[in-house]
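Student: The file below is entry_27.pdb, PDB, N, CA and C atoms:
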ATOM      1  N   MET A   1       2.744  23.187  -4.319
ATOM      2  CA  MET A   1       2.096  22.436  -5.392
ATOM      3  C   MET A   1       0.844  21.773  -4.840
ATOM      4  N   GLN A   2      -0.198  21.839  -5.594
ATOM      5  CA  GLN A   2      -1.462  21.263  -5.157
ATOM      6  C   GLN A   2      -1.642  19.875  -5.747
ATOM      7  N   ARG A   3      -2.230  19.034  -4.951
ATOM      8  CA  ARG A   3      -2.494  17.654  -5.344
ATOM      9  C   ARG A   3      -3.623  17.650  -6.376
ATOM     10  N   ASN A   4      -3.470  16.829  -7.422
ATOM     11  CA  ASN A   4      -4.551  16.768  -8.409
ATOM     12  C   ASN A   4      -5.606  15.756  -7.988
ATOM     13  N   LYS A   5      -6.702  15.714  -8.727
ATOM     14  CA  LYS A   5      -7.853  14.883  -8.358
ATOM     15  C   LYS A   5      -7.519  13.397  -8.400
ATOM     16  N   TYR A   6      -6.661  13.000  -9.338
ATOM     17  CA  TYR A   6      -6.325  11.584  -9.466
ATOM     18  C   TYR A   6      -5.557  11.082  -8.253
ATOM     19  N   ILE A   7      -4.634  11.887  -7.762
ATOM     20  CA  ILE A   7      -3.856  11.481  -6.596
ATOM     21  C   ILE A   7      -4.739  11.482  -5.350
ATOM     22  N   SER A   8      -5.678  12.420  -5.264
ATOM     23  CA  SER A   8      -6.622  12.419  -4.141
ATOM     24  C   SER A   8      -7.486  11.163  -4.166
ATOM     25  N   ALA A   9      -7.980  10.797  -5.332
ATOM     26  CA  ALA A   9      -8.792   9.583  -5.457
ATOM     27  C   ALA A   9      -7.961   8.346  -5.139
ATOM     28  N   LEU A  10      -6.704   8.335  -5.580
ATOM     29  CA  LEU A  10      -5.810   7.220  -5.292
ATOM     30  C   LEU A  10      -5.613   7.066  -3.791
ATOM     31  N   CYS A  11      -5.440   8.177  -3.083
ATOM     32  CA  CYS A  11      -5.257   8.116  -1.634
ATOM     33  C   CYS A  11      -6.519   7.616  -0.936
ATOM     34  N   VAL A  12      -7.683   8.088  -1.365
ATOM     35  CA  VAL A  12      -8.927   7.647  -0.738
ATOM     36  C   VAL A  12      -9.137   6.155  -0.963
ATOM     37  N   ILE A  13      -8.901   5.686  -2.176
ATOM     38  CA  ILE A  13      -9.021   4.248  -2.463
ATOM     39  C   ILE A  13      -7.997   3.457  -1.650
ATOM     40  N   GLY A  14      -6.793   4.009  -1.520
ATOM     41  CA  GLY A  14      -5.762   3.350  -0.726
ATOM     42  C   GLY A  14      -6.132   3.260   0.744
ATOM     43  N   TYR A  15      -6.668   4.354   1.307
ATOM     44  CA  TYR A  15      -7.121   4.315   2.698
ATOM     45  C   TYR A  15      -8.200   3.257   2.883
ATOM     46  N   LEU A  16      -9.152   3.224   1.969
ATOM     47  CA  LEU A  16     -10.237   2.248   2.073
ATOM     48  C   LEU A  16      -9.729   0.814   1.953
ATOM     49  N   SER A  17      -8.774   0.593   1.049
ATOM     50  CA  SER A  17      -8.249  -0.769   0.897
ATOM     51  C   SER A  17      -7.481  -1.215   2.141
ATOM     52  N   VAL A  18      -6.772  -0.299   2.777
ATOM     53  CA  VAL A  18      -6.053  -0.642   4.009
ATOM     54  C   VAL A  18      -7.055  -0.935   5.125
ATOM     55  N   VAL A  19      -8.093  -0.119   5.236
ATOM     56  CA  VAL A  19      -9.084  -0.323   6.294
ATOM     57  C   VAL A  19      -9.838  -1.637   6.077
ATOM     58  N   ILE A  20     -10.140  -1.960   4.832
ATOM     59  CA  ILE A  20     -10.862  -3.196   4.544
ATOM     60  C   ILE A  20      -9.983  -4.425   4.759
ATOM     61  N   SER A  21      -8.706  -4.334   4.390
ATOM     62  CA  SER A  21      -7.846  -5.512   4.478
ATOM     63  C   SER A  21      -7.156  -5.664   5.835
ATOM     64  N   PHE A  22      -7.207  -4.662   6.708
ATOM     65  CA  PHE A  22      -6.554  -4.792   8.007
ATOM     66  C   PHE A  22      -7.157  -5.878   8.886
ATOM     67  N   PRO A  23      -8.477  -6.100   8.892
ATOM     68  CA  PRO A  23      -9.006  -7.205   9.719
ATOM     69  C   PRO A  23      -8.485  -8.584   9.324
ATOM     70  N   GLN A  24      -7.908  -8.733   8.145
ATOM     71  CA  GLN A  24      -7.313 -10.010   7.758
ATOM     72  C   GLN A  24      -6.135 -10.381   8.640
ATOM     73  N   VAL A  25      -5.543  -9.400   9.300
ATOM     74  CA  VAL A  25      -4.423  -9.675  10.201
ATOM     75  C   VAL A  25      -4.854 -10.654  11.286
ATOM     76  N   PHE A  26      -6.105 -10.562  11.703
ATOM     77  CA  PHE A  26      -6.620 -11.395  12.791
ATOM     78  C   PHE A  26      -7.389 -12.612  12.299
ATOM     79  N   SER A  27      -7.366 -12.860  11.002
ATOM     80  CA  SER A  27      -8.134 -13.986  10.461
ATOM     81  C   SER A  27      -7.422 -15.313  10.749
ATOM     82  N   PRO A  28      -8.197 -16.379  10.856
ATOM     83  CA  PRO A  28      -7.595 -17.701  11.098
ATOM     84  C   PRO A  28      -6.694 -18.162   9.951
ATOM     85  N   ALA A  29      -6.993 -17.728   8.729
ATOM     86  CA  ALA A  29      -6.159 -18.134   7.597
ATOM     87  C   ALA A  29      -4.738 -17.591   7.719
ATOM     88  N   ILE A  30      -4.602 -16.380   8.202
ATOM     89  CA  ILE A  30      -3.270 -15.786   8.391
ATOM     90  C   ILE A  30      -2.607 -16.383   9.630
ATOM     91  N   LYS A  31      -3.381 -16.603  10.691
ATOM     92  CA  LYS A  31      -2.807 -17.140  11.929
ATOM     93  C   LYS A  31      -2.247 -18.544  11.759
ATOM     94  N   LYS A  32      -2.873 -19.340  10.915
ATOM     95  CA  LYS A  32      -2.390 -20.712  10.769
ATOM     96  C   LYS A  32      -1.124 -20.819   9.921
ATOM     97  N   LEU A  33      -0.719 -19.720   9.268
ATOM     98  CA  LEU A  33       0.501 -19.734   8.462
ATOM     99  C   LEU A  33       1.766 -19.679   9.313
ATOM    100  N   GLY A  34       1.646 -19.178  10.511
ATOM    101  CA  GLY A  34       2.815 -19.115  11.390
ATOM    102  C   GLY A  34       2.585 -18.128  12.512
ATOM    103  N   ILE A  35       3.489 -18.161  13.469
ATOM    104  CA  ILE A  35       3.310 -17.337  14.659
ATOM    105  C   ILE A  35       3.607 -15.858  14.378
ATOM    106  N   PHE A  36       4.549 -15.567  13.490
ATOM    107  CA  PHE A  36       4.918 -14.187  13.215
ATOM    108  C   PHE A  36       4.259 -13.627  11.958
ATOM    109  N   VAL A  37       3.542 -14.425  11.233
ATOM    110  CA  VAL A  37       2.930 -13.989   9.972
ATOM    111  C   VAL A  37       1.908 -12.874  10.192
ATOM    112  N   PRO A  38       1.036 -12.944  11.211
ATOM    113  CA  PRO A  38       0.118 -11.809  11.418
ATOM    114  C   PRO A  38       0.836 -10.504  11.733
ATOM    115  N   ALA A  39       1.933 -10.581  12.469
ATOM    116  CA  ALA A  39       2.695  -9.369  12.775
ATOM    117  C   ALA A  39       3.337  -8.787  11.519
ATOM    118  N   ILE A  40       3.840  -9.642  10.659
ATOM    119  CA  ILE A  40       4.442  -9.176   9.408
ATOM    120  C   ILE A  40       3.385  -8.537   8.514
ATOM    121  N   TYR A  41       2.234  -9.193   8.413
ATOM    122  CA  TYR A  41       1.158  -8.658   7.577
ATOM    123  C   TYR A  41       0.621  -7.343   8.147
ATOM    124  N   GLY A  42       0.507  -7.256   9.458
ATOM    125  CA  GLY A  42       0.081  -6.009  10.093
ATOM    126  C   GLY A  42       1.074  -4.887   9.867
ATOM    127  N   SER A  43       2.358  -5.207   9.870
ATOM    128  CA  SER A  43       3.387  -4.202   9.593
ATOM    129  C   SER A  43       3.292  -3.701   8.161
ATOM    130  N   ILE A  44       3.020  -4.599   7.232
ATOM    131  CA  ILE A  44       2.861  -4.198   5.830
ATOM    132  C   ILE A  44       1.660  -3.265   5.685
ATOM    133  N   MET A  45       0.565  -3.588   6.359
ATOM    134  CA  MET A  45      -0.633  -2.732   6.311
ATOM    135  C   MET A  45      -0.345  -1.358   6.917
ATOM    136  N   ALA A  46       0.398  -1.327   8.030
ATOM    137  CA  ALA A  46       0.745  -0.051   8.659
ATOM    138  C   ALA A  46       1.639   0.783   7.748
ATOM    139  N   LEU A  47       2.586   0.139   7.069
ATOM    140  CA  LEU A  47       3.448   0.857   6.115
ATOM    141  C   LEU A  47       2.641   1.441   4.971
ATOM    142  N   GLN A  48       1.677   0.693   4.474
ATOM    143  CA  GLN A  48       0.848   1.213   3.396
ATOM    144  C   GLN A  48       0.041   2.418   3.866
ATOM    145  N   PHE A  49      -0.497   2.353   5.074
ATOM    146  CA  PHE A  49      -1.263   3.489   5.590
ATOM    147  C   PHE A  49      -0.377   4.724   5.727
ATOM    148  N   MET A  50       0.833   4.549   6.287
ATOM    149  CA  MET A  50       1.755   5.677   6.421
ATOM    150  C   MET A  50       2.152   6.235   5.056
ATOM    151  N   ALA A  51       2.312   5.348   4.084
ATOM    152  CA  ALA A  51       2.675   5.794   2.744
ATOM    153  C   ALA A  51       1.570   6.637   2.125
ATOM    154  N   PHE A  52       0.327   6.231   2.305
ATOM    155  CA  PHE A  52      -0.775   7.018   1.757
ATOM    156  C   PHE A  52      -0.900   8.364   2.455
ATOM    157  N   VAL A  53      -0.538   8.444   3.722
ATOM    158  CA  VAL A  53      -0.508   9.740   4.405
ATOM    159  C   VAL A  53       0.556  10.626   3.761
ATOM    160  N   GLY A  54       1.720  10.060   3.467
ATOM    161  CA  GLY A  54       2.775  10.832   2.805
ATOM    162  C   GLY A  54       2.375  11.280   1.412
ATOM    163  N   VAL A  55       1.699  10.428   0.680
ATOM    164  CA  VAL A  55       1.244  10.806  -0.660
ATOM    165  C   VAL A  55       0.170  11.883  -0.561
ATOM    166  N   TRP A  56      -0.705  11.785   0.429
ATOM    167  CA  TRP A  56      -1.761  12.778   0.622
ATOM    168  C   TRP A  56      -1.158  14.167   0.838
ATOM    169  N   TYR A  57      -0.056  14.229   1.592
ATOM    170  CA  TYR A  57       0.623  15.498   1.820
ATOM    171  C   TYR A  57       1.625  15.832   0.728
ATOM    172  N   PHE A  58       1.631  15.083  -0.351
ATOM    173  CA  PHE A  58       2.437  15.335  -1.549
ATOM    174  C   PHE A  58       3.932  15.327  -1.229
ATOM    175  N   LYS A  59       4.369  14.269  -0.545
ATOM    176  CA  LYS A  59       5.769  14.104  -0.157
ATOM    177  C   LYS A  59       6.403  12.972  -0.956
ATOM    178  N   GLN A  60       7.669  13.134  -1.294
ATOM    179  CA  GLN A  60       8.380  12.104  -2.058
ATOM    180  C   GLN A  60       8.577  10.840  -1.233
ATOM    181  N   TRP A  61       8.780  10.968   0.064
ATOM    182  CA  TRP A  61       8.969   9.777   0.888
ATOM    183  C   TRP A  61       7.716   8.919   0.897
ATOM    184  N   GLY A  62       6.560   9.525   0.721
ATOM    185  CA  GLY A  62       5.320   8.757   0.669
ATOM    186  C   GLY A  62       5.273   7.846  -0.543
ATOM    187  N   VAL A  63       5.737   8.371  -1.675
ATOM    188  CA  VAL A  63       5.757   7.563  -2.899
ATOM    189  C   VAL A  63       6.750   6.418  -2.765
ATOM    190  N   LEU A  64       7.922   6.710  -2.229
ATOM    191  CA  LEU A  64       8.938   5.668  -2.081
ATOM    192  C   LEU A  64       8.492   4.597  -1.079
ATOM    193  N   LEU A  65       7.864   5.014   0.004
ATOM    194  CA  LEU A  65       7.355   4.057   0.981
ATOM    195  C   LEU A  65       6.205   3.243   0.405
ATOM    196  N   LEU A  66       5.389   3.870  -0.434
ATOM    197  CA  LEU A  66       4.286   3.158  -1.070
ATOM    198  C   LEU A  66       4.813   2.087  -2.015
ATOM    199  N   LEU A  67       5.820   2.425  -2.797
ATOM    200  CA  LEU A  67       6.418   1.430  -3.692
ATOM    201  C   LEU A  67       7.017   0.273  -2.905
ATOM    202  N   ALA A  68       7.726   0.584  -1.841
ATOM    203  CA  ALA A  68       8.342  -0.472  -1.026
ATOM    204  C   ALA A  68       7.286  -1.350  -0.356
ATOM    205  N   SER A  69       6.219  -0.737   0.146
ATOM    206  CA  SER A  69       5.201  -1.531   0.835
ATOM    207  C   SER A  69       4.407  -2.394  -0.136
ATOM    208  N   PHE A  70       4.131  -1.895  -1.337
ATOM    209  CA  PHE A  70       3.410  -2.716  -2.304
ATOM    210  C   PHE A  70       4.260  -3.885  -2.796
ATOM    211  N   ILE A  71       5.534  -3.636  -3.023
ATOM    212  CA  ILE A  71       6.416  -4.733  -3.431
ATOM    213  C   ILE A  71       6.511  -5.765  -2.317
ATOM    214  N   THR A  72       6.606  -5.299  -1.066
ATOM    215  CA  THR A  72       6.653  -6.213   0.070
ATOM    216  C   THR A  72       5.359  -7.016   0.186
ATOM    217  N   LYS A  73       4.216  -6.359  -0.044
ATOM    218  CA  LYS A  73       2.943  -7.073   0.043
ATOM    219  C   LYS A  73       2.808  -8.113  -1.064
ATOM    220  N   ILE A  74       3.270  -7.791  -2.259
ATOM    221  CA  ILE A  74       3.217  -8.757  -3.359
ATOM    222  C   ILE A  74       4.099  -9.962  -3.055
ATOM    223  N   ILE A  75       5.299  -9.725  -2.542
ATOM    224  CA  ILE A  75       6.189 -10.825  -2.174
ATOM    225  C   ILE A  75       5.566 -11.659  -1.054
ATOM    226  N   PHE A  76       4.959 -10.998  -0.076
ATOM    227  CA  PHE A  76       4.301 -11.703   1.026
ATOM    228  C   PHE A  76       3.179 -12.595   0.504
ATOM    229  N   CYS A  77       2.349 -12.058  -0.391
ATOM    230  CA  CYS A  77       1.242 -12.855  -0.941
ATOM    231  C   CYS A  77       1.751 -14.035  -1.760
ATOM    232  N   LEU A  78       2.829 -13.839  -2.495
ATOM    233  CA  LEU A  78       3.382 -14.939  -3.280
ATOM    234  C   LEU A  78       3.973 -16.022  -2.376
ATOM    235  N   LEU A  79       4.678 -15.618  -1.318
ATOM    236  CA  LEU A  79       5.303 -16.593  -0.428
ATOM    237  C   LEU A  79       4.298 -17.354   0.413
ATOM    238  N   THR A  80       3.190 -16.717   0.760
ATOM    239  CA  THR A  80       2.177 -17.387   1.567
ATOM    240  C   THR A  80       1.078 -18.000   0.712
ATOM    241  N   ASN A  81       1.222 -17.914  -0.590
ATOM    242  CA  ASN A  81       0.290 -18.524  -1.550
ATOM    243  C   ASN A  81      -1.138 -17.997  -1.366
ATOM    244  N   GLN A  82      -1.260 -16.689  -1.224
ATOM    245  CA  GLN A  82      -2.566 -16.047  -1.087
ATOM    246  C   GLN A  82      -2.880 -15.321  -2.390
ATOM    247  N   LEU A  83      -3.263 -16.077  -3.384
ATOM    248  CA  LEU A  83      -3.476 -15.542  -4.721
ATOM    249  C   LEU A  83      -4.967 -15.418  -5.030
ATOM    250  N   ALA A  84      -5.673 -14.681  -4.203
ATOM    251  CA  ALA A  84      -7.105 -14.476  -4.397
ATOM    252  C   ALA A  84      -7.327 -13.141  -5.110
ATOM    253  N   PHE A  85      -8.552 -12.653  -5.061
ATOM    254  CA  PHE A  85      -8.904 -11.391  -5.708
ATOM    255  C   PHE A  85      -8.066 -10.236  -5.181
ATOM    256  N   GLY A  86      -7.791 -10.219  -3.878
ATOM    257  CA  GLY A  86      -7.003  -9.148  -3.279
ATOM    258  C   GLY A  86      -5.611  -9.025  -3.862
ATOM    259  N   PHE A  87      -5.022 -10.141  -4.229
ATOM    260  CA  PHE A  87      -3.690 -10.126  -4.820
ATOM    261  C   PHE A  87      -3.714  -9.423  -6.175
ATOM    262  N   TYR A  88      -4.688  -9.753  -6.998
ATOM    263  CA  TYR A  88      -4.776  -9.142  -8.322
ATOM    264  C   TYR A  88      -5.203  -7.681  -8.243
ATOM    265  N   PHE A  89      -6.025  -7.348  -7.253
ATOM    266  CA  PHE A  89      -6.370  -5.950  -7.021
ATOM    267  C   PHE A  89      -5.125  -5.174  -6.605
ATOM    268  N   THR A  90      -4.290  -5.775  -5.759
ATOM    269  CA  THR A  90      -3.062  -5.125  -5.319
ATOM    270  C   THR A  90      -2.138  -4.849  -6.488
ATOM    271  N   ILE A  91      -1.977  -5.811  -7.371
ATOM    272  CA  ILE A  91      -1.095  -5.621  -8.523
ATOM    273  C   ILE A  91      -1.628  -4.533  -9.448
ATOM    274  N   SER A  92      -2.923  -4.556  -9.744
ATOM    275  CA  SER A  92      -3.476  -3.541 -10.638
ATOM    276  C   SER A  92      -3.422  -2.154  -9.998
ATOM    277  N   PHE A  93      -3.697  -2.080  -8.706
ATOM    278  CA  PHE A  93      -3.622  -0.804  -8.000
ATOM    279  C   PHE A  93      -2.179  -0.303  -7.928
ATOM    280  N   PHE A  94      -1.239  -1.221  -7.774
ATOM    281  CA  PHE A  94       0.178  -0.873  -7.738
ATOM    282  C   PHE A  94       0.634  -0.273  -9.065
ATOM    283  N   VAL A  95       0.258  -0.880 -10.166
ATOM    284  CA  VAL A  95       0.652  -0.377 -11.485
ATOM    285  C   VAL A  95       0.033   0.997 -11.741
ATOM    286  N   LEU A  96      -1.235   1.156 -11.416
ATOM    287  CA  LEU A  96      -1.906   2.432 -11.604
ATOM    288  C   LEU A  96      -1.283   3.520 -10.742
ATOM    289  N   SER A  97      -1.020   3.210  -9.482
ATOM    290  CA  SER A  97      -0.440   4.207  -8.590
ATOM    291  C   SER A  97       0.983   4.571  -9.005
ATOM    292  N   CYS A  98       1.759   3.608  -9.462
ATOM    293  CA  CYS A  98       3.113   3.906  -9.943
ATOM    294  C   CYS A  98       3.065   4.870 -11.121
ATOM    295  N   PHE A  99       2.181   4.599 -12.042
ATOM    296  CA  PHE A  99       2.058   5.449 -13.222
ATOM    297  C   PHE A  99       1.686   6.878 -12.835
ATOM    298  N   LEU A 100       0.695   7.030 -11.968
ATOM    299  CA  LEU A 100       0.238   8.365 -11.591
ATOM    300  C   LEU A 100       1.253   9.106 -10.726
ATOM    301  N   LEU A 101       1.842   8.417  -9.776
ATOM    302  CA  LEU A 101       2.714   9.085  -8.820
ATOM    303  C   LEU A 101       4.100   9.389  -9.375
ATOM    304  N   LEU A 102       4.621   8.534 -10.217
ATOM    305  CA  LEU A 102       5.951   8.790 -10.760
ATOM    306  C   LEU A 102       5.938   9.930 -11.778
ATOM    307  N   LYS A 103       4.768  10.213 -12.358
ATOM    308  CA  LYS A 103       4.653  11.371 -13.245
ATOM    309  C   LYS A 103       4.786  12.675 -12.464
ATOM    310  N   LYS A 104       4.300  12.690 -11.231
ATOM    311  CA  LYS A 104       4.315  13.902 -10.397
ATOM    312  C   LYS A 104       5.423  13.887  -9.348
ATOM    313  N   PHE A 105       6.319  12.912  -9.415
ATOM    314  CA  PHE A 105       7.314  12.735  -8.361
ATOM    315  C   PHE A 105       8.220  13.948  -8.204
ATOM    316  N   LYS A 106       8.680  14.533  -9.295
ATOM    317  CA  LYS A 106       9.596  15.669  -9.200
ATOM    318  C   LYS A 106       8.932  16.922  -8.656
ATOM    319  N   LEU A 107       7.622  17.002  -8.758
ATOM    320  CA  LEU A 107       6.899  18.156  -8.238
ATOM    321  C   LEU A 107       6.628  18.057  -6.737
ATOM    322  N   MET A 108       6.813  16.865  -6.190
ATOM    323  CA  MET A 108       6.521  16.654  -4.771
ATOM    324  C   MET A 108       7.620  17.225  -3.889
ATOM    325  N   ASP A 109       7.249  17.475  -2.642
ATOM    326  CA  ASP A 109       8.155  18.053  -1.667
ATOM    327  C   ASP A 109       9.161  17.001  -1.181
ATOM    328  N   ARG A 110      10.427  17.387  -1.109
ATOM    329  CA  ARG A 110      11.472  16.459  -0.660
ATOM    330  C   ARG A 110      11.583  16.435   0.853
ATOM    331  N   ASN A 111      11.150  17.477   1.511
ATOM    332  CA  ASN A 111      11.295  17.575   2.963
ATOM    333  C   ASN A 111      10.248  16.762   3.694
ATOM    334  N   LEU A 112      10.517  16.487   4.958
ATOM    335  CA  LEU A 112       9.542  15.773   5.771
ATOM    336  C   LEU A 112       8.420  16.697   6.090
TER     337      LEU A 112
END
Please express the file's structure as structure tokens.
Tutor:
Amino acid sequence: MQRNKYISALCVIGYLSVVISFPQVFSPAIKKLGIFVPAIYGSIMALQFMAFVGVWYFKQWGVLLLLASFITKIIFCLLTNQLAFGFYFTISFFVLSCFLLLKKFKLMDRNL
């Protein structure tokens, strides 16, 4: 099965959002929240990147990992009270990606 243009665009936007938001791991705002908070946020960013790789290769595990990482990121932002533009972009991107990916979920490959 070939990936459609919408899923390709979703992956490219996802890669760009991960690359843009990864330097926040080292920001003073994240560091002052706690000693392990940058590590947790970096892990969430790494999970999102791996999920977009799985979606790019049209794998079901990529979609499931993407859903888990976005839910984790939303919970992280709510708990750390980081409700800026990035939070609302994450929610809107999450809803859009869920809609597009769950429509094609059964067509995706189940194997690794």
Student: What separation in Å, quoted to one decimal, exists between atom CA of Gly86 of chain A and atom CA of Gly42 of chain A?
Tutor: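 Distance between the two atoms: 15.5 Å.
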Student: With only C-alpha atoms as the basis for distance, which of A:Phe22, A:Gln48, A:Gly34, A:Tyr88 is at the shortest distance from Leu67 of chain A?
Tutor: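 Distance minimum relative to Leu67 of chain A lands on A:Gln48.
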Student: Could you expand the PyMOL selection byres ((chain A and resi 100-108) around 8) into the explicit residues it covers here, written as a ChimeraX atom specification?
Tutor: /A:1-2,6-7,57-61,63,94-99,109-111
Student: Can I get the selected residues back with N, CA and C atoms, as a CSV table (one decimal), in the coordinates of the input?
Tutor:
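Printed below is part-v4.csv as written:
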chain,number,residue,atom,x,y,z
A,1,MET,N,2.7,23.2,-4.3
A,1,MET,CA,2.1,22.4,-5.4
A,1,MET,C,0.8,21.8,-4.8
A,2,GLN,N,-0.2,21.8,-5.6
A,2,GLN,CA,-1.5,21.3,-5.2
A,2,GLN,C,-1.6,19.9,-5.7
A,6,TYR,N,-6.7,13.0,-9.3
A,6,TYR,CA,-6.3,11.6,-9.5
A,6,TYR,C,-5.6,11.1,-8.3
A,7,ILE,N,-4.6,11.9,-7.8
A,7,ILE,CA,-3.9,11.5,-6.6
A,7,ILE,C,-4.7,11.5,-5.4
A,57,TYR,N,-0.1,14.2,1.6
A,57,TYR,CA,0.6,15.5,1.8
A,57,TYR,C,1.6,15.8,0.7
A,58,PHE,N,1.6,15.1,-0.4
A,58,PHE,CA,2.4,15.3,-1.5
A,58,PHE,C,3.9,15.3,-1.2
A,59,LYS,N,4.4,14.3,-0.5
A,59,LYS,CA,5.8,14.1,-0.2
A,59,LYS,C,6.4,13.0,-1.0
A,60,GLN,N,7.7,13.1,-1.3
A,60,GLN,CA,8.4,12.1,-2.1
A,60,GLN,C,8.6,10.8,-1.2
A,61,TRP,N,8.8,11.0,0.1
A,61,TRP,CA,9.0,9.8,0.9
A,61,TRP,C,7.7,8.9,0.9
A,63,VAL,N,5.7,8.4,-1.7
A,63,VAL,CA,5.8,7.6,-2.9
A,63,VAL,C,6.8,6.4,-2.8
A,94,PHE,N,-1.2,-1.2,-7.8
A,94,PHE,CA,0.2,-0.9,-7.7
A,94,PHE,C,0.6,-0.3,-9.1
A,95,VAL,N,0.3,-0.9,-10.2
A,95,VAL,CA,0.7,-0.4,-11.5
A,95,VAL,C,0.0,1.0,-11.7
A,96,LEU,N,-1.2,1.2,-11.4
A,96,LEU,CA,-1.9,2.4,-11.6
A,96,LEU,C,-1.3,3.5,-10.7
A,97,SER,N,-1.0,3.2,-9.5
A,97,SER,CA,-0.4,4.2,-8.6
A,97,SER,C,1.0,4.6,-9.0
A,98,CYS,N,1.8,3.6,-9.5
A,98,CYS,CA,3.1,3.9,-9.9
A,98,CYS,C,3.1,4.9,-11.1
A,99,PHE,N,2.2,4.6,-12.0
A,99,PHE,CA,2.1,5.4,-13.2
A,99,PHE,C,1.7,6.9,-12.8
A,109,ASP,N,7.2,17.5,-2.6
A,109,ASP,CA,8.2,18.1,-1.7
A,109,ASP,C,9.2,17.0,-1.2
A,110,ARG,N,10.4,17.4,-1.1
A,110,ARG,CA,11.5,16.5,-0.7
A,110,ARG,C,11.6,16.4,0.9
A,111,ASN,N,11.2,17.5,1.5
A,111,ASN,CA,11.3,17.6,3.0
A,111,ASN,C,10.2,16.8,3.7
Student: Mind pulling up the distance from atom CA of Phe52 of chain A to atom CA of Leu112 of chain A?
Tutor: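 Answer for the atom CA of Leu112 of chain A to atom CA of Phe52 of chain A separation: 14.1 Å.
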Student: So what do you get for atom CA of Leu64 of chain A versus atom CA of Ala51 of chain A, distance-wise?
Tutor: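 Going from atom CA of Leu64 of chain A over to atom CA of Ala51 of chain A, I get 7.9 Å.
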Student: Would you compute an axis-aligned box for segment 69-84 of chain A, covering every atom listed for it in the file with 6 Å of margin on each side, and report centre and edge lengths in Å to one decimal as lines of an AutoDock Vina configuration file?
Tutor:
center_x = -0.3
center_y = -9.6
center_z = -1.8
size_x = 26.0
size_y = 29.8
size_z = 18.7
Student: I need the output of the PyMOL selection byres (((chain A and resi 87 and name CA) around 12) and name CA) for this file as a count of residues only; which residues are they?
Tutor: 25
Student: Report as a PyMOL selection string: the residues of chain A with a DSSP assignment of alpha helix (DSSP H), based on the backbone of this structure.
Tutor: chain A and resi 5-21+28-31+37-56+60-79+85-103
